[in-house]
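**Student:** Next up, model01.cif (mmCIF, C-alpha atoms).
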```cif
data_query
loop_
_atom_site.label_atom_id
_atom_site.label_comp_id
_atom_site.auth_asym_id
_atom_site.auth_seq_id
_atom_site.Cartn_x
_atom_site.Cartn_y
_atom_site.Cartn_z
CA MET A 152 35.20 -30.80 63.01
CA LEU A 153 37.01 -27.53 62.71
CA VAL A 154 35.30 -24.25 61.74
CA VAL A 155 37.70 -21.44 60.82
CA VAL A 156 36.88 -17.73 60.45
CA PRO A 157 39.61 -15.65 58.76
CA LYS A 158 39.82 -11.86 58.57
CA GLU A 159 38.06 -10.26 55.65
CA THR A 160 40.58 -8.98 53.10
CA ALA A 161 38.37 -7.09 50.62
CA ALA A 162 38.88 -3.32 50.66
CA GLY A 163 36.23 -1.57 52.73
CA GLU A 164 34.82 -4.78 54.24
CA LYS A 165 34.31 -4.28 57.98
CA ARG A 166 31.99 -7.19 58.70
CA VAL A 167 32.99 -10.51 60.19
CA ALA A 168 31.35 -13.85 59.40
CA LEU A 169 30.95 -15.00 63.00
CA VAL A 170 30.24 -12.95 66.11
CA PRO A 171 30.82 -14.03 69.73
CA ASP A 172 27.08 -14.27 70.49
CA VAL A 173 26.59 -17.25 68.18
CA VAL A 174 29.81 -19.17 68.84
CA SER A 175 28.03 -21.22 71.51
CA LYS A 176 25.59 -22.57 68.91
CA LEU A 177 28.53 -24.18 67.12
CA THR A 178 30.33 -25.43 70.22
CA LYS A 179 27.07 -27.01 71.44
CA ALA A 180 27.04 -28.90 68.14
CA ASN A 181 30.49 -30.26 69.12
CA LEU A 182 32.28 -28.11 66.53
CA GLN A 183 35.64 -26.50 67.24
CA VAL A 184 35.82 -22.81 66.30
CA ILE A 185 38.98 -20.86 65.48
CA VAL A 186 38.81 -17.13 64.69
CA GLU A 187 41.74 -15.21 63.28
CA SER A 188 43.10 -12.64 65.72
CA GLY A 189 41.61 -9.23 64.96
CA ALA A 190 38.93 -10.62 62.62
CA GLY A 191 36.12 -8.89 64.48
CA LEU A 192 37.78 -5.61 65.46
CA ASN A 193 36.28 -3.52 62.65
CA ALA A 194 32.84 -4.65 63.83
CA THR A 195 33.85 -3.90 67.48
CA PHE A 196 34.22 -7.57 68.52
CA THR A 197 37.43 -8.25 70.43
CA ASP A 198 39.56 -11.38 70.60
CA GLU A 199 38.73 -11.61 74.29
CA GLN A 200 35.01 -11.75 73.52
CA TYR A 201 35.57 -14.66 71.15
CA LYS A 202 37.63 -16.50 73.75
CA ASN A 203 34.98 -15.95 76.41
CA ALA A 204 32.36 -17.31 74.02
CA GLY A 205 34.29 -20.56 73.57
CA ALA A 206 36.28 -19.97 70.40
CA SER A 207 40.04 -20.18 69.98
CA VAL A 208 41.84 -17.13 68.60
CA SER A 209 44.72 -17.74 66.22
CA ALA A 210 47.54 -15.55 64.99
CA ASN A 211 48.60 -18.22 62.48
CA ILE A 212 45.43 -18.61 60.43
CA ASP A 213 47.22 -20.02 57.35
CA SER A 214 48.08 -23.16 59.28
CA ASP A 215 44.50 -23.43 60.57
CA LEU A 216 43.06 -23.06 57.08
CA THR A 217 44.92 -26.13 55.85
CA LYS A 218 43.14 -28.20 58.54
CA ALA A 219 39.74 -26.50 58.34
CA ASP A 220 36.63 -28.55 57.64
CA VAL A 221 34.55 -25.39 57.24
CA VAL A 222 35.60 -21.82 56.43
CA LEU A 223 33.15 -18.97 57.05
CA SER A 224 33.59 -15.57 55.41
CA VAL A 225 31.50 -12.62 54.27
CA GLN A 226 33.12 -12.09 50.88
CA THR A 227 34.36 -14.83 48.60
CA LEU A 228 37.72 -16.16 49.74
CA PRO A 229 40.76 -15.02 47.73
CA VAL A 230 42.11 -17.55 45.24
CA GLY A 231 45.32 -17.86 47.25
CA THR A 232 43.37 -18.79 50.36
CA ILE A 233 41.20 -21.32 48.51
CA ALA A 234 44.35 -23.09 47.32
CA LYS A 235 45.31 -23.76 50.96
CA LEU A 236 42.10 -25.63 51.77
CA LYS A 237 41.99 -29.40 51.96
CA ARG A 238 39.87 -31.49 49.63
CA GLY A 239 36.31 -31.79 50.85
CA ALA A 240 36.39 -28.61 52.92
CA ILE A 241 33.18 -26.55 52.99
CA THR A 242 33.02 -22.78 52.54
CA ILE A 243 30.04 -20.49 53.18
CA SER A 244 30.10 -16.90 51.96
CA PHE A 245 28.63 -14.54 49.42
CA LEU A 246 29.69 -15.96 46.06
CA SER A 247 28.39 -14.62 42.76
CA VAL A 248 28.23 -17.28 40.06
CA ASN A 249 28.39 -14.54 37.43
CA SER A 250 31.27 -12.41 38.67
CA ALA A 251 33.69 -14.74 40.47
CA PRO A 252 34.94 -17.17 37.79
CA ASP A 253 38.48 -17.33 39.17
CA ALA A 254 37.28 -18.23 42.66
CA ILE A 255 34.89 -20.86 41.32
CA ALA A 256 37.65 -22.39 39.19
CA SER A 257 39.87 -22.51 42.28
CA PHE A 258 37.11 -24.17 44.32
CA GLU A 259 36.78 -26.79 41.58
CA LYS A 260 40.52 -27.40 41.44
CA SER A 261 40.73 -27.80 45.21
CA ALA A 262 37.59 -30.01 45.30
CA VAL A 263 36.03 -27.69 47.87
CA THR A 264 32.27 -27.60 48.48
CA ALA A 265 31.41 -23.91 48.12
CA LEU A 266 28.02 -22.66 49.28
CA SER A 267 26.77 -19.23 48.20
CA LEU A 268 24.50 -17.22 50.45
CA GLU A 269 23.27 -15.38 47.35
CA LEU A 270 21.70 -18.62 46.15
CA VAL A 271 19.79 -19.54 49.30
CA PRO A 272 16.21 -19.95 48.02
CA ARG A 273 13.51 -17.57 49.16
CA ILE A 274 11.31 -20.11 50.87
CA SER A 275 9.87 -19.95 54.37
CA ARG A 276 12.17 -22.66 55.73
CA ALA A 277 15.24 -20.71 54.61
CA GLN A 278 14.27 -17.29 55.95
CA SER A 279 16.68 -17.55 58.89
CA MET A 280 19.53 -18.21 56.41
CA ASP A 281 18.70 -15.41 53.96
CA ALA A 282 21.73 -13.12 54.17
CA LEU A 283 20.67 -11.08 51.14
CA THR A 284 17.60 -10.00 53.07
CA SER A 285 19.38 -9.29 56.34
CA GLN A 286 22.05 -7.20 54.63
CA ALA A 287 19.47 -5.36 52.49
CA LEU A 288 17.77 -4.37 55.74
CA CYS A 289 21.01 -2.67 56.82
CA ALA A 290 21.44 -0.99 53.44
CA GLY A 291 17.93 0.43 53.39
CA TYR A 292 18.29 1.88 56.88
CA LYS A 293 21.63 3.47 56.04
CA ALA A 294 20.28 4.90 52.76
CA ALA A 295 17.74 7.03 54.60
CA LEU A 296 20.35 8.26 57.09
CA VAL A 297 22.74 9.19 54.29
CA ALA A 298 19.96 11.07 52.50
CA ALA A 299 19.08 12.98 55.68
CA GLU A 300 22.72 13.90 56.22
CA LEU A 301 23.25 15.12 52.65
CA ALA A 302 19.97 17.03 52.38
CA PRO A 303 20.23 20.76 53.12
CA LYS A 304 16.85 20.75 54.90
CA PHE A 305 15.03 19.09 57.79
CA PHE A 306 13.16 15.84 57.19
CA PRO A 307 10.32 16.47 59.70
CA LEU A 308 7.58 19.11 59.91
CA LEU A 309 8.63 21.66 62.53
CA MET A 310 6.43 24.32 64.15
CA THR A 311 8.68 27.13 65.37
CA ALA A 312 8.28 30.70 66.62
CA ALA A 313 9.89 31.80 63.38
CA GLY A 314 7.35 29.92 61.30
CA THR A 315 6.56 26.45 60.01
CA ILE A 316 9.19 24.22 58.40
CA THR A 317 7.59 21.92 55.84
CA PRO A 318 8.67 18.25 55.80
CA ALA A 319 10.97 16.82 53.16
CA ASN A 320 9.40 14.94 50.27
CA VAL A 321 11.11 11.54 49.87
CA VAL A 322 10.53 9.18 46.94
CA VAL A 323 11.73 5.57 47.11
CA LEU A 324 12.00 3.43 43.99
CA GLY A 325 11.86 -0.29 44.76
CA ALA A 326 9.86 -1.71 47.66
CA GLY A 327 11.84 -4.82 48.46
CA VAL A 328 13.53 -5.28 51.83
CA ALA A 329 15.95 -2.36 51.34
CA GLY A 330 13.25 -0.08 49.98
CA LEU A 331 10.79 -0.82 52.77
CA GLN A 332 13.47 -0.21 55.40
CA ALA A 333 14.40 3.09 53.70
CA ILE A 334 10.71 4.04 53.77
CA ALA A 335 10.34 3.14 57.44
CA THR A 336 13.46 5.05 58.45
CA ALA A 337 12.57 8.15 56.42
CA LYS A 338 9.10 8.10 58.00
CA ARG A 339 10.60 7.87 61.49
CA LEU A 340 12.70 10.91 60.63
CA GLY A 341 9.50 12.77 59.79
CA ALA A 342 9.56 12.93 56.00
CA VAL A 343 6.58 12.60 53.70
CA VAL A 344 7.32 9.42 51.75
CA SER A 345 6.07 8.01 48.45
CA ALA A 346 7.27 4.79 46.85
CA TYR A 347 7.02 2.91 43.58
CA ASP A 348 7.61 -0.71 42.67
CA VAL A 349 6.95 -2.62 39.45
CA ARG A 350 5.12 -5.23 41.55
CA PRO A 351 1.64 -3.94 42.46
CA ALA A 352 1.57 -6.48 45.30
CA SER A 353 4.03 -4.18 47.09
CA ALA A 354 1.39 -1.47 47.46
CA ASP A 355 -0.02 -2.86 50.71
CA GLU A 356 3.47 -3.16 52.24
CA VAL A 357 4.30 0.43 51.28
CA LYS A 358 1.03 1.70 52.76
CA SER A 359 1.62 -0.29 55.95
CA MET A 360 4.79 1.75 56.43
CA GLY A 361 2.76 4.97 56.29
CA ALA A 362 3.91 5.90 52.79
CA LYS A 363 1.93 6.60 49.63
CA PHE A 364 2.19 4.06 46.81
CA ILE A 365 2.79 5.57 43.38
CA SER A 366 0.58 3.77 40.88
CA LEU A 367 1.56 4.19 37.22
CA GLU A 368 -1.03 1.78 35.80
CA LEU A 369 1.62 -0.31 34.01
CA GLU A 370 1.86 -4.07 33.66
CA ALA A 371 3.19 -5.93 36.68
CA LEU A 372 6.71 -7.39 36.55
CA GLU A 373 6.53 -9.99 39.30
CA GLY A 374 9.51 -12.36 39.16
CA SER A 375 10.51 -15.46 41.10
CA GLY A 376 11.42 -15.41 44.78
CA GLY A 377 9.65 -12.10 45.35
CA TYR A 378 12.01 -10.17 43.09
CA ALA A 379 11.00 -8.13 40.05
CA ARG A 380 11.79 -9.44 36.59
CA GLU A 381 13.54 -7.49 33.86
CA MET A 382 11.42 -5.07 31.82
CA SER A 383 11.31 -4.33 28.10
CA GLU A 384 12.85 -1.15 26.68
CA ASP A 385 9.45 0.27 25.75
CA ARG A 386 8.09 -0.30 29.24
CA ALA A 387 11.19 1.24 30.79
CA LEU A 388 10.78 4.40 28.72
CA ARG A 389 7.10 4.69 29.60
CA GLN A 390 7.89 4.15 33.28
CA GLN A 391 10.55 6.86 33.22
CA GLU A 392 8.10 9.26 31.59
CA LEU A 393 5.43 8.63 34.23
CA LEU A 394 7.86 8.80 37.16
CA THR A 395 9.43 12.10 36.06
CA PRO A 396 6.94 14.45 37.78
CA TYR A 397 7.23 12.56 41.07
CA ILE A 398 11.02 12.69 40.95
CA ALA A 399 11.05 16.36 39.94
CA ALA A 400 9.02 17.18 43.05
CA ALA A 401 11.20 15.14 45.41
CA ASP A 402 13.69 16.60 47.87
CA VAL A 403 15.21 13.12 48.22
CA LEU A 404 15.19 10.16 45.85
CA ILE A 405 16.32 6.72 47.09
CA THR A 406 16.63 3.93 44.52
CA THR A 407 16.91 0.27 45.56
CA ALA A 408 15.85 -1.81 42.54
CA ALA A 409 17.79 -4.94 41.62
CA VAL A 410 17.42 -7.99 39.40
CA PRO A 411 19.51 -10.87 40.82
CA GLY A 412 22.29 -12.07 38.56
CA ARG A 413 22.03 -9.08 36.24
CA SER A 414 22.95 -5.40 36.10
CA ALA A 415 20.65 -3.10 38.02
CA PRO A 416 17.83 -1.63 35.92
CA GLN A 417 18.30 2.01 34.99
CA LEU A 418 15.23 3.78 36.34
CA VAL A 419 16.34 7.39 36.35
CA THR A 420 18.03 9.18 33.45
CA THR A 421 20.23 12.27 33.45
CA LYS A 422 17.31 14.15 31.92
CA MET A 423 15.08 13.19 34.85
CA VAL A 424 17.70 14.28 37.40
CA ALA A 425 18.04 17.59 35.55
CA GLN A 426 14.41 18.36 36.46
CA MET A 427 15.05 18.02 40.21
CA LYS A 428 15.49 21.11 42.37
CA SER A 429 18.92 22.40 43.32
CA GLY A 430 19.90 20.88 46.66
CA SER A 431 17.94 17.68 46.06
CA VAL A 432 19.62 14.41 47.00
CA VAL A 433 19.72 11.08 45.16
CA VAL A 434 20.87 7.91 46.95
CA ASP A 435 21.50 5.03 44.52
CA LEU A 436 21.79 1.78 46.47
CA ALA A 437 22.34 -0.14 43.22
CA ALA A 438 25.44 1.81 42.15
CA GLU A 439 27.74 -1.21 42.60
CA THR A 440 25.79 -3.26 40.06
CA GLY A 441 25.46 -0.61 37.37
CA GLY A 442 23.16 1.81 39.11
CA ASN A 443 19.48 2.71 38.98
CA VAL A 444 20.48 6.30 38.27
CA GLN A 445 22.35 7.24 35.11
CA GLY A 446 25.77 8.66 36.00
CA SER A 447 25.95 7.40 39.59
CA LYS A 448 29.31 5.98 40.65
CA ALA A 449 29.84 3.50 43.47
CA GLY A 450 31.66 5.09 46.38
CA GLU A 451 31.36 8.65 45.03
CA THR A 452 29.13 11.67 45.57
CA ILE A 453 28.54 13.61 42.37
CA ILE A 454 27.05 17.10 42.17
CA THR A 455 25.26 17.75 38.89
CA SER A 456 25.24 21.05 36.99
CA ASN A 457 21.81 21.84 38.47
CA GLY A 458 23.01 21.24 42.03
CA VAL A 459 21.67 17.74 42.70
CA LYS A 460 23.83 15.44 44.85
CA ILE A 461 24.02 11.82 43.66
CA TRP A 462 25.44 9.40 46.25
CA GLY A 463 26.58 6.08 44.81
CA ALA A 464 26.41 3.25 47.33
CA LYS A 465 29.40 1.03 48.05
CA ASP A 466 29.83 -1.52 50.84
CA VAL A 467 26.75 -0.11 52.59
CA PRO A 468 26.11 -2.94 55.09
CA SER A 469 29.79 -2.62 56.07
CA GLN A 470 29.01 0.90 57.22
CA LEU A 471 26.92 -0.68 59.98
CA PRO A 472 29.38 -3.50 60.77
CA PHE A 473 28.17 -4.37 64.27
CA HIS A 474 24.56 -5.25 63.46
CA ALA A 475 25.29 -6.30 59.87
CA SER A 476 27.76 -8.86 61.26
CA GLN A 477 25.31 -10.02 63.90
CA LEU A 478 22.60 -10.68 61.33
CA PHE A 479 25.01 -12.24 58.84
CA ALA A 480 26.49 -14.56 61.49
CA ARG A 481 23.04 -15.83 62.44
CA ASN A 482 22.27 -16.54 58.78
CA VAL A 483 25.55 -18.43 58.36
CA VAL A 484 25.22 -20.46 61.54
CA ASN A 485 21.65 -21.49 60.70
CA LEU A 486 22.80 -22.71 57.28
CA LEU A 487 25.79 -24.49 58.79
CA LEU A 488 23.72 -26.25 61.44
CA LEU A 489 21.39 -27.51 58.74
CA MET A 490 24.31 -29.80 57.85
CA SER A 491 24.96 -30.91 61.44
CA LYS A 492 24.54 -34.67 61.89
CA THR A 493 22.78 -36.02 64.98
CA GLU A 494 22.36 -39.43 66.57
CA ASN A 495 19.58 -40.07 69.05
CA GLY A 496 18.84 -36.35 68.99
CA LYS A 497 22.39 -35.37 69.95
CA PRO A 498 24.95 -33.63 67.68
CA THR A 499 27.85 -35.82 66.62
CA GLY A 500 30.18 -32.98 65.70
CA GLN A 501 30.01 -34.05 62.05
CA LEU A 502 28.81 -31.87 59.17
CA VAL A 503 27.27 -33.77 56.27
CA PRO A 504 25.67 -31.69 53.50
CA ASP A 505 22.41 -33.25 52.32
CA PHE A 506 22.25 -32.43 48.62
CA GLY A 507 18.71 -33.77 48.55
CA ASP A 508 17.71 -30.79 50.72
CA GLU A 509 16.44 -27.98 48.49
CA ILE A 510 18.31 -25.31 50.47
CA ILE A 511 21.69 -27.04 50.31
CA ALA A 512 21.15 -28.03 46.68
CA ALA A 513 20.28 -24.48 45.64
CA ALA A 514 23.16 -22.87 47.56
CA THR A 515 25.90 -25.25 46.37
CA VAL A 516 28.14 -23.75 43.67
CA THR A 517 30.91 -26.38 43.58
CA HIS A 518 31.22 -29.91 44.97
CA GLU A 519 33.78 -32.68 44.43
CA GLY A 520 35.67 -30.73 41.79
CA ARG A 521 32.75 -29.67 39.64
CA SER A 522 30.37 -26.71 39.40
CA GLU A 523 26.67 -27.03 39.95
CA GLU A 524 24.40 -25.38 37.39
CA HIS A 525 22.64 -22.22 38.53
CA THR A 526 20.69 -19.45 36.87
CA SER A 527 19.54 -16.07 38.12
CA GLU A 528 16.01 -17.53 38.42
CA LEU A 529 17.10 -19.17 41.68
CA GLN A 530 16.53 -15.84 43.34
#
```
Spit out the file's structure as structure tokens when you get a sec.

**Tutor:**
Amino acid sequence: MLVVVPKETAAGEKRVALVPDVVSKLTKANLQVIVESGAGLNATFTDEQYKNAGASVSANIDSDLTKADVVLSVQTLPVGTIAKLKRGAITISFLSVNSAPDAIASFEKSAVTALSLELVPRISRAQSMDALTSQALCAGYKAALVAAELAPKFFPLLMTAAGTITPANVVVLGAGVAGLQAIATAKRLGAVVSAYDVRPASADEVKSMGAKFISLELEALEGSGGYAREMSEDRALRQQELLTPYIAAADVLITTAAVPGRSAPQLVTTKMVAQMKSGSVVVDLAAETGGNVQGSKAGETIITSNGVKIWGAKDVPSQLPFHASQLFARNVVNLLLLMSKTENGKPTGQLVPDFGDEIIAAATVTHEGRSEEHTSELQ
């Protein structure tokens, strides 16, 4: 069976769905791999590396797509590309059931089986396929680096002949994968770090990173799959009130909170930002989904009237395309090989999705010309 990897076409997307290091896992499963020429260049992977790994490199990917049994991509395929696929083809990519209606309709029309990495369930057996987690790891790391670059002061404590430089005070809101990685990176840079999450169970993880957990004595909001659930308006207002003094004292604020399938919760208001010191930095990793910080804009750095810089995240994992692609490719290959058919313990080169498997069932968005029902509770 033929696995095809086209170039990413979305603006700002530098990742590639398959890297040379994992091509051998597919060829050992008797799968043929074709990568579009130049597909990996933005992530520093050359055509020659793909060839050496056992893949074919094609300059005429449109022709290959019409014959493809599987198409791997980071972002959802464009509608025009979906229309070229044969009936029964399988696609694996990020695919939001709430924000990609045109793509889903095209998958239905073409009778393509579309699997969404955003819907892979958070169970132990699926950890190696969890692309949301691997890419959040990249985003959290980058968030701390961006904050350090934008801040007008050192992160670490420094003892100098001219006197002592006090460490930066960093506050992280949200202690999921991205938040914990932001904490760890800020700590490595020498900052004093505090963090808050609506899930009290996160306290031990925050402390294990060497940070202080901010306890507001509010009700827990533990959701499914390890995510937080949405909060009421009254609770949100009380939370904002209690967080204000911590944010006002921060040199850097990094926000990472998200509720899958919905807009990001607004945690920080303009009024709260107005109480921060001039020169303080805010990094809003949720800017693309509405923002945790009022007024943040994806892809822009805003300077408020009181001199606070607000950096709105956009395509953050793509800013680390080498390792983000490596992690993503491993997630994709592990999911793909879950469908690999074997006989007498040997791969047959056939891919047969088992819709009785909870991972495949949860990740499938369309199959045989119809959409599968999903809700945000899957994550």

**Student:** One decimal, in Å: what's the spacing between atom CA of A:Ala400 and atom CA of A:Asp466?

**Tutor:** 29.0 Å

**Student:** Find the residues near A:Tyr347: any atom within 10 Å, counting only C-alpha atoms, skip ones fewer than 6 places away on the same chain, and give them as a ChimeraX atom specification.

**Tutor:** /A:322-326,330,353-354,357,363-367,394,397,406

**Student:** Go through stretch 261-291 of chain A and flag each residue having an atom no more than 12 Å from stretch 155-174 of chain A; for those, report the closest pair of atoms plus their distance in Å to one decimal, using all atoms listed in the file, ordered by chain and rising number, as JSON lines.

**Tutor:**
```
{"residue": "A:Leu268", "atom": "CA", "partner": "A:Ala168", "partner_atom": "CA", "distance": 11.8}
{"residue": "A:Ala282", "atom": "CA", "partner": "A:Ala168", "partner_atom": "CA", "distance": 11.0}
{"residue": "A:Gln286", "atom": "CA", "partner": "A:Arg166", "partner_atom": "CA", "distance": 10.7}
```

**Student:** Rank A:Ala335, A:Val483, A:Val343, A:Ile274 by their smallest atom-to-atom distance to A:Met360, using all atoms listed in the file, and report the top residue only.

**Tutor:** A:Ala335

**Student:** Could you check the closest approach to A:Val321 for each of A:Ser431, A:Asn443, A:Thr407, A:Ser476 and tell me which residue wins, using all atoms listed in the file?

**Tutor:**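 Closest candidate: A:Ser431.
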
**Student:** Hey, what comes out of the PyMOL selection byres ((chain A and resi 505-514) around 6) on this file? Could you write it as an mmCIF file with C-alpha atoms, keeping the file's coordinate frame?

**Tutor:**
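As written to disk, part17.cif reads:
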```cif
data_model
loop_
_atom_site.group_PDB
_atom_site.id
_atom_site.type_symbol
_atom_site.label_atom_id
_atom_site.label_comp_id
_atom_site.auth_asym_id
_atom_site.auth_seq_id
_atom_site.Cartn_x
_atom_site.Cartn_y
_atom_site.Cartn_z
ATOM 1 C CA LEU A 266 28.020 -22.660 49.280
ATOM 2 C CA SER A 267 26.770 -19.230 48.200
ATOM 3 C CA LEU A 270 21.700 -18.620 46.150
ATOM 4 C CA VAL A 271 19.790 -19.540 49.300
ATOM 5 C CA PRO A 504 25.670 -31.690 53.500
ATOM 6 C CA THR A 515 25.900 -25.250 46.370
#
```

**Student:** Please write the residues picked by the PyMOL selection byres ((chain A and resi 501) around 10) on this file as an MDAnalysis selection string.

**Tutor:** chainID A and resid 152:153 180:182 220 490:493 498:500 502:504

**Student:** I'd like the contact shell of A:Glu439 - 7 Å cut-off, all atoms listed in the file, skipping same-chain residues fewer than 2 positions apart - returned as a list of chain:residue names.

**Tutor:**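 Contacts, with the query itself left out: A:Ala437, A:Gly441, A:Gly442, A:Ala449, A:Ala464, A:Lys465.
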
**Student:** Could those selected residues go to a file with C-alpha atoms, as a short mmCIF file (atom, residue, chain, number, x, y, z; two decimals), in the frame of the given file?

**Tutor:**
```
data_model
loop_
_atom_site.label_atom_id
_atom_site.label_comp_id
_atom_site.auth_asym_id
_atom_site.auth_seq_id
_atom_site.Cartn_x
_atom_site.Cartn_y
_atom_site.Cartn_z
CA ALA A 437 22.34 -0.14 43.22
CA GLY A 441 25.46 -0.61 37.37
CA GLY A 442 23.16 1.81 39.11
CA ALA A 449 29.84 3.50 43.47
CA ALA A 464 26.41 3.25 47.33
CA LYS A 465 29.40 1.03 48.05
#
```

**Student:** Rank nothing, just name the residue among A:Ala210, A:Leu404, A:Ile243, A:Leu487 nearest to A:Val297, using all atoms listed in the file.

**Tutor:** A:Leu404

**Student:** Taking the file as I've supplied it (selection: the PyMOL selection byres ((chain A and resi 238) around 10)), which residues are included? Please answer as a list in words.

**Tutor:** Thr217, Asp220, Ala234, Lys235, Leu236, Lys237, Gly239, Ala240, Ile241, Phe258, Glu259, Lys260, Ser261, Ala262, Val263, Thr264, His518, Glu519 and Gly520 of chain A

**Student:** Write to file, as a CSV table (one decimal), keeping the file's coordinate frame, the residues of the selection just made, with C-alpha atoms.

**Tutor:**
```csv
chain,number,residue,atom,x,y,z
A,217,THR,CA,44.9,-26.1,55.8
A,220,ASP,CA,36.6,-28.6,57.6
A,234,ALA,CA,44.4,-23.1,47.3
A,235,LYS,CA,45.3,-23.8,51.0
A,236,LEU,CA,42.1,-25.6,51.8
A,237,LYS,CA,42.0,-29.4,52.0
A,239,GLY,CA,36.3,-31.8,50.8
A,240,ALA,CA,36.4,-28.6,52.9
A,241,ILE,CA,33.2,-26.6,53.0
A,258,PHE,CA,37.1,-24.2,44.3
A,259,GLU,CA,36.8,-26.8,41.6
A,260,LYS,CA,40.5,-27.4,41.4
A,261,SER,CA,40.7,-27.8,45.2
A,262,ALA,CA,37.6,-30.0,45.3
A,263,VAL,CA,36.0,-27.7,47.9
A,264,THR,CA,32.3,-27.6,48.5
A,518,HIS,CA,31.2,-29.9,45.0
A,519,GLU,CA,33.8,-32.7,44.4
A,520,GLY,CA,35.7,-30.7,41.8
```

**Student:** Which residues, written as a ChimeraX atom specification, have at least one atom at most 6 Å from A:Gln226, with all atoms listed in the file counted and residues fewer than 2 positions away on the same chain left out?

**Tutor:** /A:224,244-245

**Student:** Leaving out A:Ala254 and any residue of its chain fewer than 2 positions from it, which residues lie within 10 Å of it when counting all atoms listed in the file, given as an MDAnalysis selection string?

**Tutor:** chainID A and resid 227:234 246:248 250:252 256:260 265

**Student:** Point out the residue among A:Glu300, A:Glu494, A:Glu392, A:Glu451 with the least atom-to-atom distance to A:Val432, counting all atoms listed in the file.

**Tutor:** A:Glu300

**Student:** Separation of atom CA of A:Pro272 and atom CA of A:Asn249, in Å?

**Tutor:** 17.0 Å

**Student:** Rounded to one decimal place, report the atom CA of A:Gly450-atom CA of A:Ala194 distance in Å.

**Tutor:**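 Separation of atom CA of A:Gly450 and atom CA of A:Ala194: 20.0 Å.
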
**Student:** Within 8 Å of A:Met427, counting only C-alpha atoms, which residues qualify if same-chain residues fewer than 4 places away don't, as a ChimeraX atom specification?

**Tutor:** /A:398-402,423,431,457,459

**Student:** Would you compute an axis-aligned box for stretch 234-238 of chain A, covering every atom listed for it in the file with 6 Å of margin on each side, and report centre and edge lengths in Å to one decimal as JSON?

**Tutor:**
```
{"center_x": 42.6, "center_y": -27.3, "center_z": 49.6, "size_x": 17.4, "size_y": 20.4, "size_z": 16.6}
```

**Student:** Regenerate stretch 345-354 of chain A at the level of N, CA, C and O atoms and dump it as a short mmCIF file (atom, residue, chain, number, x, y, z; two decimals), keeping the file's coordinate frame.

**Tutor:**
```
data_model
loop_
_atom_site.label_atom_id
_atom_site.label_comp_id
_atom_site.auth_asym_id
_atom_site.auth_seq_id
_atom_site.Cartn_x
_atom_site.Cartn_y
_atom_site.Cartn_z
N SER A 345 6.79 8.72 49.50
CA SER A 345 6.07 8.01 48.45
C SER A 345 7.00 6.95 47.89
O SER A 345 8.22 7.10 47.93
N ALA A 346 6.43 5.87 47.37
CA ALA A 346 7.27 4.79 46.85
C ALA A 346 6.63 4.15 45.64
O ALA A 346 5.40 4.11 45.50
N TYR A 347 7.50 3.62 44.77
CA TYR A 347 7.02 2.91 43.58
C TYR A 347 7.75 1.58 43.45
O TYR A 347 8.94 1.47 43.77
N ASP A 348 7.03 0.58 42.99
CA ASP A 348 7.61 -0.71 42.67
C ASP A 348 6.86 -1.28 41.48
O ASP A 348 5.66 -1.03 41.33
N VAL A 349 7.58 -2.03 40.64
CA VAL A 349 6.95 -2.62 39.45
C VAL A 349 6.00 -3.75 39.82
O VAL A 349 5.25 -4.23 38.98
N ARG A 350 6.01 -4.17 41.08
CA ARG A 350 5.12 -5.23 41.55
C ARG A 350 3.97 -4.59 42.33
O ARG A 350 4.17 -4.12 43.45
N PRO A 351 2.78 -4.55 41.77
CA PRO A 351 1.64 -3.94 42.46
C PRO A 351 1.37 -4.56 43.83
O PRO A 351 0.81 -3.91 44.71
N ALA A 352 1.77 -5.81 44.01
CA ALA A 352 1.57 -6.48 45.30
C ALA A 352 2.30 -5.76 46.43
O ALA A 352 1.99 -5.96 47.61
N SER A 353 3.27 -4.92 46.07
CA SER A 353 4.03 -4.18 47.09
C SER A 353 3.25 -3.01 47.66
O SER A 353 3.66 -2.44 48.68
N ALA A 354 2.15 -2.66 47.04
CA ALA A 354 1.39 -1.47 47.46
C ALA A 354 0.97 -1.55 48.92
O ALA A 354 1.10 -0.59 49.68
#
```
